[in-house]
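What follows is the content of run.cif (mmCIF, C-alpha atoms and all ligand atoms).
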```
data_target
loop_
_atom_site.label_atom_id
_atom_site.label_comp_id
_atom_site.auth_asym_id
_atom_site.auth_seq_id
_atom_site.Cartn_x
_atom_site.Cartn_y
_atom_site.Cartn_z
CA MET A 1 16.91 -21.34 -8.42
CA LYS A 2 19.63 -22.36 -5.98
CA GLN A 3 19.92 -19.72 -3.32
CA PRO A 4 23.25 -18.65 -1.94
CA VAL A 5 23.63 -19.42 1.70
CA VAL A 6 23.56 -16.27 3.83
CA LYS A 7 26.17 -16.27 6.56
CA LEU A 8 25.03 -14.79 9.84
CA ARG A 9 27.92 -14.77 12.30
CA ASN A 10 28.55 -18.51 12.78
CA ILE A 11 25.40 -19.90 11.16
CA GLU A 12 24.18 -20.29 7.59
CA LEU A 13 20.65 -19.32 6.59
CA GLY A 14 19.37 -21.31 3.65
CA SER A 15 21.16 -24.60 4.20
CA GLY A 16 20.16 -27.65 6.20
CA ARG A 17 17.40 -27.53 8.75
CA PRO A 18 15.72 -24.19 9.44
CA LYS A 19 17.49 -22.18 12.12
CA ILE A 20 15.72 -21.09 15.31
CA ALA A 21 15.42 -17.47 16.48
CA VAL A 22 14.24 -16.41 19.94
CA PRO A 23 12.93 -12.88 20.54
CA ILE A 24 13.81 -10.65 23.50
CA THR A 25 11.01 -8.23 24.31
CA GLY A 26 12.22 -6.59 27.54
CA LYS A 27 11.33 -2.97 28.27
CA THR A 28 14.40 -2.03 30.32
CA THR A 29 18.10 -2.78 29.96
CA ALA A 30 17.88 -4.94 33.09
CA ASP A 31 14.93 -6.95 31.66
CA ILE A 32 16.73 -7.42 28.35
CA LEU A 33 19.96 -8.65 29.92
CA ALA A 34 18.08 -10.87 32.38
CA ALA A 35 16.52 -12.71 29.43
CA VAL A 36 19.92 -13.79 28.09
CA ASP A 37 20.90 -16.66 30.41
CA PRO A 38 17.73 -18.75 29.99
CA ILE A 39 17.83 -18.13 26.25
CA LYS A 40 21.47 -19.17 26.00
CA ALA A 41 20.67 -22.34 27.93
CA ALA A 42 18.10 -23.24 25.24
CA LYS A 43 20.77 -22.82 22.49
CA PRO A 44 18.97 -20.90 19.74
CA ASP A 45 20.78 -20.12 16.49
CA VAL A 46 19.73 -16.46 16.53
CA VAL A 47 18.47 -13.99 19.12
CA GLU A 48 16.12 -11.28 17.88
CA TRP A 49 16.19 -8.08 19.94
CA ARG A 50 12.80 -6.44 19.43
CA ILE A 51 13.85 -2.87 20.11
CA ASP A 52 10.31 -1.51 19.66
CA PHE A 53 9.69 -2.91 23.19
CA TYR A 54 12.74 -1.12 24.64
CA GLU A 55 11.83 2.04 26.56
CA ASP A 56 14.89 4.05 25.41
CA VAL A 57 14.88 2.98 21.77
CA THR A 58 14.89 6.57 20.47
CA THR A 59 17.86 7.66 22.61
CA ALA A 60 20.81 6.58 20.48
CA ALA A 61 23.41 6.43 23.26
CA LYS A 62 21.22 4.21 25.46
CA LEU A 63 20.16 2.00 22.56
CA GLN A 64 23.79 1.49 21.58
CA ALA A 65 25.03 0.90 25.13
CA THR A 66 22.32 -1.71 25.76
CA GLY A 67 22.95 -3.28 22.36
CA GLN A 68 26.66 -3.58 23.13
CA GLN A 69 25.98 -5.17 26.52
CA LEU A 70 23.55 -7.59 24.88
CA ARG A 71 26.11 -8.42 22.19
CA ALA A 72 28.74 -9.18 24.83
CA ALA A 73 26.31 -11.26 26.93
CA LEU A 74 25.28 -13.39 23.93
CA GLY A 75 28.77 -14.74 23.35
CA ASP A 76 28.78 -16.20 19.86
CA ILE A 77 25.02 -16.32 19.19
CA ALA A 78 23.98 -14.31 16.12
CA LEU A 79 21.97 -11.14 16.87
CA LEU A 80 19.15 -9.81 14.72
CA THR A 81 17.87 -6.35 15.67
CA THR A 82 14.30 -5.49 14.77
CA PHE A 83 12.19 -2.38 15.13
CA ARG A 84 8.65 -3.51 14.33
CA THR A 85 6.39 -0.52 13.69
CA GLN A 86 2.88 -0.49 15.13
CA GLY A 87 1.25 -0.76 11.71
CA GLU A 88 3.00 -4.13 11.25
CA GLY A 89 2.21 -5.53 14.70
CA GLY A 90 4.89 -3.79 16.78
CA GLU A 91 4.75 -1.84 20.02
CA LEU A 92 5.51 1.68 18.88
CA ALA A 93 4.48 3.97 16.05
CA LEU A 94 7.31 6.08 14.60
CA SER A 95 7.39 8.46 11.66
CA ASP A 96 9.36 7.17 8.67
CA ALA A 97 12.14 9.61 9.51
CA ASP A 98 12.37 8.37 13.10
CA TYR A 99 12.18 4.73 12.02
CA PHE A 100 15.18 5.12 9.73
CA GLN A 101 17.05 7.14 12.36
CA VAL A 102 16.65 4.23 14.79
CA CYS A 103 17.94 1.85 12.08
CA ARG A 104 20.96 4.12 11.53
CA ASP A 105 21.57 4.30 15.30
CA VAL A 106 21.59 0.49 15.43
CA LEU A 107 24.16 0.29 12.62
CA ALA A 108 26.33 2.99 14.21
CA GLY A 109 26.33 1.03 17.48
CA ASP A 110 28.23 -1.84 15.81
CA PHE A 111 26.52 -4.54 17.87
CA THR A 112 24.22 -6.39 15.49
CA ASP A 113 24.84 -9.11 12.91
CA ALA A 114 21.53 -8.55 11.09
CA LEU A 115 18.98 -5.76 10.78
CA ASP A 116 15.27 -6.14 10.05
CA VAL A 117 14.20 -3.56 7.47
CA GLU A 118 10.48 -3.22 6.84
CA ARG A 119 9.72 -3.32 3.12
CA TYR A 120 6.83 -0.90 3.06
CA HIS A 121 8.52 2.42 3.76
CA ALA A 122 9.65 4.89 1.08
CA GLU A 123 11.73 2.81 -1.36
CA ALA A 124 14.63 5.26 -1.61
CA ALA A 125 14.99 5.25 2.18
CA VAL A 126 14.78 1.44 2.24
CA GLN A 127 17.53 1.21 -0.37
CA GLU A 128 19.69 3.69 1.55
CA ILE A 129 19.47 1.73 4.79
CA VAL A 130 20.20 -1.52 2.94
CA ALA A 131 23.36 0.06 1.51
CA ALA A 132 24.35 1.40 4.95
CA ALA A 133 23.88 -2.06 6.48
CA HIS A 134 25.91 -3.72 3.74
CA ASP A 135 28.71 -1.16 4.21
CA LYS A 136 28.98 -2.49 7.74
CA SER A 137 28.64 -6.14 6.64
CA VAL A 138 25.29 -6.36 8.44
CA VAL A 139 22.83 -8.86 6.93
CA VAL A 140 19.48 -7.34 5.87
CA ILE A 141 16.36 -9.36 6.64
CA MET A 142 13.61 -7.43 4.87
CA SER A 143 10.12 -7.93 6.18
CA ASN A 144 6.40 -7.44 5.79
CA HIS A 145 3.62 -8.47 8.18
CA ASP A 146 -0.11 -8.75 7.76
CA PHE A 147 -1.70 -9.36 11.16
CA ASP A 148 -5.24 -9.41 9.75
CA LYS A 149 -5.24 -11.68 6.75
CA THR A 150 -3.31 -13.74 4.21
CA PRO A 151 -2.78 -11.99 0.88
CA ALA A 152 -3.22 -13.96 -2.35
CA GLN A 153 -0.44 -16.36 -3.27
CA ALA A 154 0.80 -14.24 -6.18
CA ASP A 155 0.82 -11.18 -3.95
CA ILE A 156 2.98 -12.90 -1.31
CA VAL A 157 5.43 -14.06 -3.99
CA GLU A 158 5.46 -10.56 -5.50
CA ARG A 159 6.22 -8.94 -2.14
CA LEU A 160 9.08 -11.34 -1.40
CA THR A 161 10.41 -10.83 -4.94
CA SER A 162 10.35 -7.05 -4.51
CA MET A 163 12.35 -7.36 -1.27
CA VAL A 164 15.13 -9.18 -3.10
CA ALA A 165 15.01 -6.50 -5.82
CA LEU A 166 15.53 -3.89 -3.10
CA GLY A 167 18.68 -5.62 -1.89
CA ALA A 168 17.42 -7.93 0.88
CA ASP A 169 19.79 -10.73 1.83
CA VAL A 170 16.79 -12.62 3.19
CA ALA A 171 13.11 -11.87 2.46
CA LYS A 172 10.54 -12.41 5.24
CA MET A 173 6.77 -12.42 5.29
CA ALA A 174 4.41 -13.13 8.24
CA VAL A 175 0.69 -13.37 7.56
CA MET A 176 -2.47 -14.21 9.53
CA PRO A 177 -4.63 -17.11 8.33
CA GLN A 178 -8.42 -17.05 8.59
CA SER A 179 -8.75 -20.60 7.25
CA VAL A 180 -6.78 -23.74 6.46
CA ASP A 181 -6.73 -22.60 2.82
CA ASP A 182 -4.85 -19.48 3.95
CA VAL A 183 -2.16 -21.64 5.56
CA LEU A 184 -1.85 -23.60 2.30
CA THR A 185 -1.62 -20.31 0.39
CA LEU A 186 1.33 -19.22 2.52
CA LEU A 187 3.06 -22.59 2.19
CA THR A 188 2.61 -22.67 -1.59
CA ALA A 189 3.86 -19.08 -1.92
CA THR A 190 6.90 -20.07 0.16
CA ASN A 191 7.68 -23.04 -2.06
CA ILE A 192 7.30 -20.95 -5.24
CA SER A 193 9.52 -18.20 -3.81
CA ARG A 194 12.16 -20.68 -2.75
CA GLU A 195 12.25 -22.00 -6.34
CA LYS A 196 12.21 -18.59 -7.95
CA LEU A 197 14.26 -16.21 -5.81
CA SER A 198 17.99 -15.74 -5.60
CA GLN A 199 17.93 -15.25 -1.81
CA PRO A 200 16.59 -17.36 1.08
CA VAL A 201 13.13 -16.64 2.45
CA ILE A 202 11.50 -16.74 5.89
CA THR A 203 7.74 -17.12 6.09
CA MET A 204 5.17 -17.94 8.68
CA SER A 205 1.45 -18.25 8.98
CA MET A 206 0.66 -16.90 12.46
CA GLY A 207 -1.81 -17.94 15.16
CA ASP A 208 -2.79 -21.50 16.08
CA LEU A 209 -3.87 -22.42 12.55
CA GLY A 210 -0.48 -21.44 11.22
CA LYS A 211 1.71 -23.26 13.77
CA VAL A 212 2.37 -26.06 11.29
CA SER A 213 4.15 -23.53 9.04
CA ARG A 214 6.64 -22.82 11.83
CA MET A 215 7.65 -26.49 11.94
CA ALA A 216 7.71 -27.31 8.25
CA GLY A 217 10.22 -24.77 6.91
CA GLU A 218 12.63 -27.36 5.57
CA VAL A 219 9.87 -28.94 3.46
CA PHE A 220 8.33 -25.75 2.11
CA GLY A 221 11.38 -23.48 2.01
CA SER A 222 11.52 -21.18 5.04
CA CYS A 223 15.01 -20.90 6.54
CA LEU A 224 14.27 -19.51 10.03
CA SER A 225 11.54 -20.13 12.61
CA PHE A 226 10.81 -17.89 15.60
CA ALA A 227 10.32 -19.76 18.87
CA THR A 228 9.93 -18.80 22.51
CA VAL A 229 11.99 -18.99 25.66
CA GLY A 230 9.68 -16.95 27.86
CA ALA A 231 7.63 -14.25 26.13
CA ALA A 232 6.36 -14.61 22.56
CA SER A 233 6.66 -11.73 20.08
CA ALA A 234 3.85 -12.91 17.77
CA PRO A 235 0.85 -15.27 17.94
CA GLY A 236 1.51 -18.94 17.26
CA GLN A 237 5.16 -19.11 18.22
CA ILE A 238 6.07 -22.48 19.72
CA ALA A 239 8.37 -23.07 22.70
CA LEU A 240 11.92 -23.69 21.48
CA ASP A 241 12.10 -26.96 23.43
CA HIS A 242 9.13 -28.26 21.44
CA LEU A 243 10.14 -26.81 18.09
CA ARG A 244 13.67 -28.20 17.93
CA PRO A 245 12.64 -31.89 18.02
CA GLU A 246 9.91 -31.17 15.43
CA LEU A 247 12.47 -29.64 13.07
CA GLU A 248 14.69 -32.69 13.60
CA ASP A 249 11.74 -35.08 12.96
CA LEU A 250 10.85 -33.27 9.74
CA LYS A 251 14.44 -33.20 8.52
CA LEU A 252 14.97 -34.20 4.90
CA ASN A 253 17.75 -36.65 4.27
O1 LIG A 301 9.10 -11.04 11.68
C1 LIG A 301 9.04 -11.68 12.69
C2 LIG A 301 8.26 -12.90 12.76
C3 LIG A 301 7.25 -12.84 13.88
O2 LIG A 301 6.24 -11.91 13.56
C4 LIG A 301 6.57 -14.23 14.00
O3 LIG A 301 5.42 -14.34 13.59
O4 LIG A 301 7.21 -15.15 14.52
C5 LIG A 301 7.95 -12.47 15.16
C6 LIG A 301 8.74 -11.18 15.07
O5 LIG A 301 9.41 -10.93 16.30
C7 LIG A 301 9.71 -11.24 13.93
O6 LIG A 301 10.31 -9.98 13.74
#
```
Conversion result in structure tokens:
Amino acid sequence: MKQPVVKLRNIELGSGRPKIAVPITGKTTADILAAVDPIKAAKPDVVEWRIDFYEDVTTAAKLQATGQQLRAALGDIALLTTFRTQGEGGELALSDADYFQVCRDVLAGDFTDALDVERYHAEAAVQEIVAAAHDKSVVVIMSNHDFDKTPAQADIVERLTSMVALGADVAKMAVMPQSVDDVLTLLTATNISREKLSQPVITMSMGDLGKVSRMAGEVFGSCLSFATVGAASAPGQIALDHLRPELEDLKLN
């Protein structure tokens, strides 16, 4: 199936070479803003603000003020805002109610172009936050992470499919390989999903074994790769300066 391209500020997810996202994992407003200049110099397509690292994430006014300063500092770079819960590899555990409150606070702050919404919370609440994001023209990147293992191929495809059914603009899955076969499983599931789904997908096999999956998105069908300028937000991320030439080398003509 030909996926529609998803517009994220001034870039398109799902067309051409995979885009590059760089995470910001600062704890304080000062740390977060200090990360911007070196990141801008490396010219990523997207910046991901990992708000689960931010010390005042549950105080709406501070979250929004910092988000607005970050937005202004980024100029025209697209901003994805992500709260990664502890169960999926993030820094902080929140109740479902608090998790969705933080998501609503992000949307009310009017600073982000895209919101990460974790797939495995109560479905009605997931659907509600998707609708709230779309009301504000915010792109929903729905996600699921397995930091221990790689689920079966059909399971990965099923999870990505269910994200699209729940209204995701982009469906994302990060898994941990225990073997080379696991990396192949993730790559095959990505290719099947790219053929089958009506929306673009983002996938990665984490850790050292999975690094190849972060470079080969154009071949197998993943539209965004997370790379570092400074701190990594997950195992296996490659420095942006190394990743960009790899993506160019693997470009399909
Ligand atoms: O979902 C992802 C992907 C990721 O886990 C990775 O493996 O690069 C990094 C996270 O910051 C991001 O939210």
To one decimal place in Å, what is the distance between atom CA of Asp135 of chain A and atom CA of Gly221 of chain A?
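Between these atoms lies a distance of 28.3 Å.
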Wanna dump the chain A-ligand LIG 301 (chain A) contacts at 7 Å for me, each residue with its shortest atom pair and the distance in Å to one decimal, counting only C-alpha atoms and all ligand atoms, ordered by chain and number, as a Markdown table?
```
| residue | atom | partner | partner_atom | distance |
| --- | --- | --- | --- | --- |
| A:Pro23 | CA | A:LIG301 | O5 | 5.8 |
| A:Glu48 | CA | A:LIG301 | O5 | 6.9 |
| A:Arg50 | CA | A:LIG301 | O5 | 6.4 |
| A:Thr82 | CA | A:LIG301 | O6 | 6.1 |
| A:Arg84 | CA | A:LIG301 | O6 | 6.7 |
| A:Ser143 | CA | A:LIG301 | O1 | 6.4 |
| A:His145 | CA | A:LIG301 | O2 | 6.9 |
| A:Lys172 | CA | A:LIG301 | O1 | 6.7 |
| A:Met173 | CA | A:LIG301 | O1 | 6.9 |
| A:Ala174 | CA | A:LIG301 | O3 | 5.6 |
| A:Met204 | CA | A:LIG301 | O3 | 6.1 |
| A:Met206 | CA | A:LIG301 | O3 | 5.5 |
| A:Ser225 | CA | A:LIG301 | O4 | 6.9 |
| A:Phe226 | CA | A:LIG301 | O4 | 4.7 |
| A:Ser233 | CA | A:LIG301 | O5 | 4.7 |
| A:Ala234 | CA | A:LIG301 | O3 | 4.7 |
| A:Pro235 | CA | A:LIG301 | O3 | 6.4 |
| A:Gln237 | CA | A:LIG301 | O4 | 5.8 |
```
Between A:Ala189, A:Thr203, A:Arg194, A:His134, which is the closest to Asp146 of chain A once you count all atoms listed in the file?
A:Thr203
So that I can see what lies close to Tyr120 of chain A, please list as a list in words the residues with an atom at most 10 Å from it, counting only C-alpha atoms and leaving out residues fewer than 4 positions away in the same chain.
Glu88, Val126, Met142, Ser143, Asn144, His145, Arg159 and Met163 of chain A
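For the residues A:Ser137, A:Ser162, A:Gln199, A:Ser95, ranking by smallest atom-to-atom distance to Arg119 of chain A using all atoms listed in the file places A:Ser162 first.
Around Met215 of chain A, within 7 Å and counting all atoms listed in the file, the residues found are Leu243, Glu246 and Leu247 of chain A, once anything fewer than 6 positions away on its own chain is removed.
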Given the choices A:Pro177, A:Lys211, A:Asn10, A:Thr185, which gets closest to Asp155 of chain A if the distance is worked out from all atoms listed in the file?
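Going through A:Pro177, A:Lys211, A:Asn10, A:Thr185 one by one, the smallest distance to Asp155 of chain A is for A:Thr185.
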Here is a test: counting all atoms listed in the file, which residue of A:Ala125, A:Ile192, A:Leu160, A:Val183 is nearest to Asp208 of chain A?
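For Asp208 of chain A, the nearest of the given residues is A:Val183.
Counting all atoms listed in the file, the residue from A:Asp148, A:Asp96, A:Asp241, A:Glu91 that sits nearest to Pro38 of chain A is A:Asp241.
Checking A:Ala131, A:Ile24, A:Val157, A:Val6 one by one against Asp52 of chain A, counting all atoms listed in the file, you find the shortest gap at A:Ile24.
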Two-atom distance - atom CA of Leu8 of chain A, atom CA of Asp113 of chain A (Å):
6.5 Å
So which residues touch Val229 of chain A within 8 Å, counting only C-alpha atoms, skipping near sequence neighbours fewer than 3 positions away, as a ChimeraX atom specification?
/A:22,38-39,42,232,239-240
Within 12 Å of Ala73 of chain A, counting only C-alpha atoms, which residues show up once you throw out same-chain ones fewer than 4 positions away? Write them as a list in words, please.
Ile32, Leu33, Ala34, Ala35, Val36, Asp37, Pro38, Ile39, Lys40, Val47, Thr66, Gly67, Gln68, Gln69, Ile77, Ala78, Leu79 and Phe111 of chain A
File dump, residues just selected, C-alpha atoms, as a JSON list (two decimals), in the frame of the given file:
```json
[["chain", "number", "residue", "atom", "x", "y", "z"],
["A", 32, "ILE", "CA", 16.73, -7.42, 28.35],
["A", 33, "LEU", "CA", 19.96, -8.65, 29.92],
["A", 34, "ALA", "CA", 18.08, -10.87, 32.38],
["A", 35, "ALA", "CA", 16.52, -12.71, 29.43],
["A", 36, "VAL", "CA", 19.92, -13.79, 28.09],
["A", 37, "ASP", "CA", 20.90, -16.66, 30.41],
["A", 38, "PRO", "CA", 17.73, -18.75, 29.99],
["A", 39, "ILE", "CA", 17.83, -18.13, 26.25],
["A", 40, "LYS", "CA", 21.47, -19.17, 26.00],
["A", 47, "VAL", "CA", 18.47, -13.99, 19.12],
["A", 66, "THR", "CA", 22.32, -1.71, 25.76],
["A", 67, "GLY", "CA", 22.95, -3.28, 22.36],
["A", 68, "GLN", "CA", 26.66, -3.58, 23.13],
["A", 69, "GLN", "CA", 25.98, -5.17, 26.52],
["A", 77, "ILE", "CA", 25.02, -16.32, 19.19],
["A", 78, "ALA", "CA", 23.98, -14.31, 16.12],
["A", 79, "LEU", "CA", 21.97, -11.14, 16.87],
["A", 111, "PHE", "CA", 26.52, -4.54, 17.87]]
```
Distance of atom CA of Ile156 of chain A from atom CA of Val175 of chain A, expressed in Å to one decimal place
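Distance reported for this atom pair: 9.2 Å.
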Nearby residues (all atoms listed in the file) at most 7 Å from segment 101-107 of chain A, same-chain spacing under 5 positions excluded, as a PyMOL selection string
chain A and resi 58+60+64+133
Please write out, as JSON, where the centre of an axis-aligned box around all listed atoms of segment 91-94 of chain A lies and how long its edges are, in Å to one decimal, after adding 6 Å on each side.
```
{"center_x": 5.9, "center_y": 2.1, "center_z": 17.3, "size_x": 14.8, "size_y": 19.9, "size_z": 17.4}
```
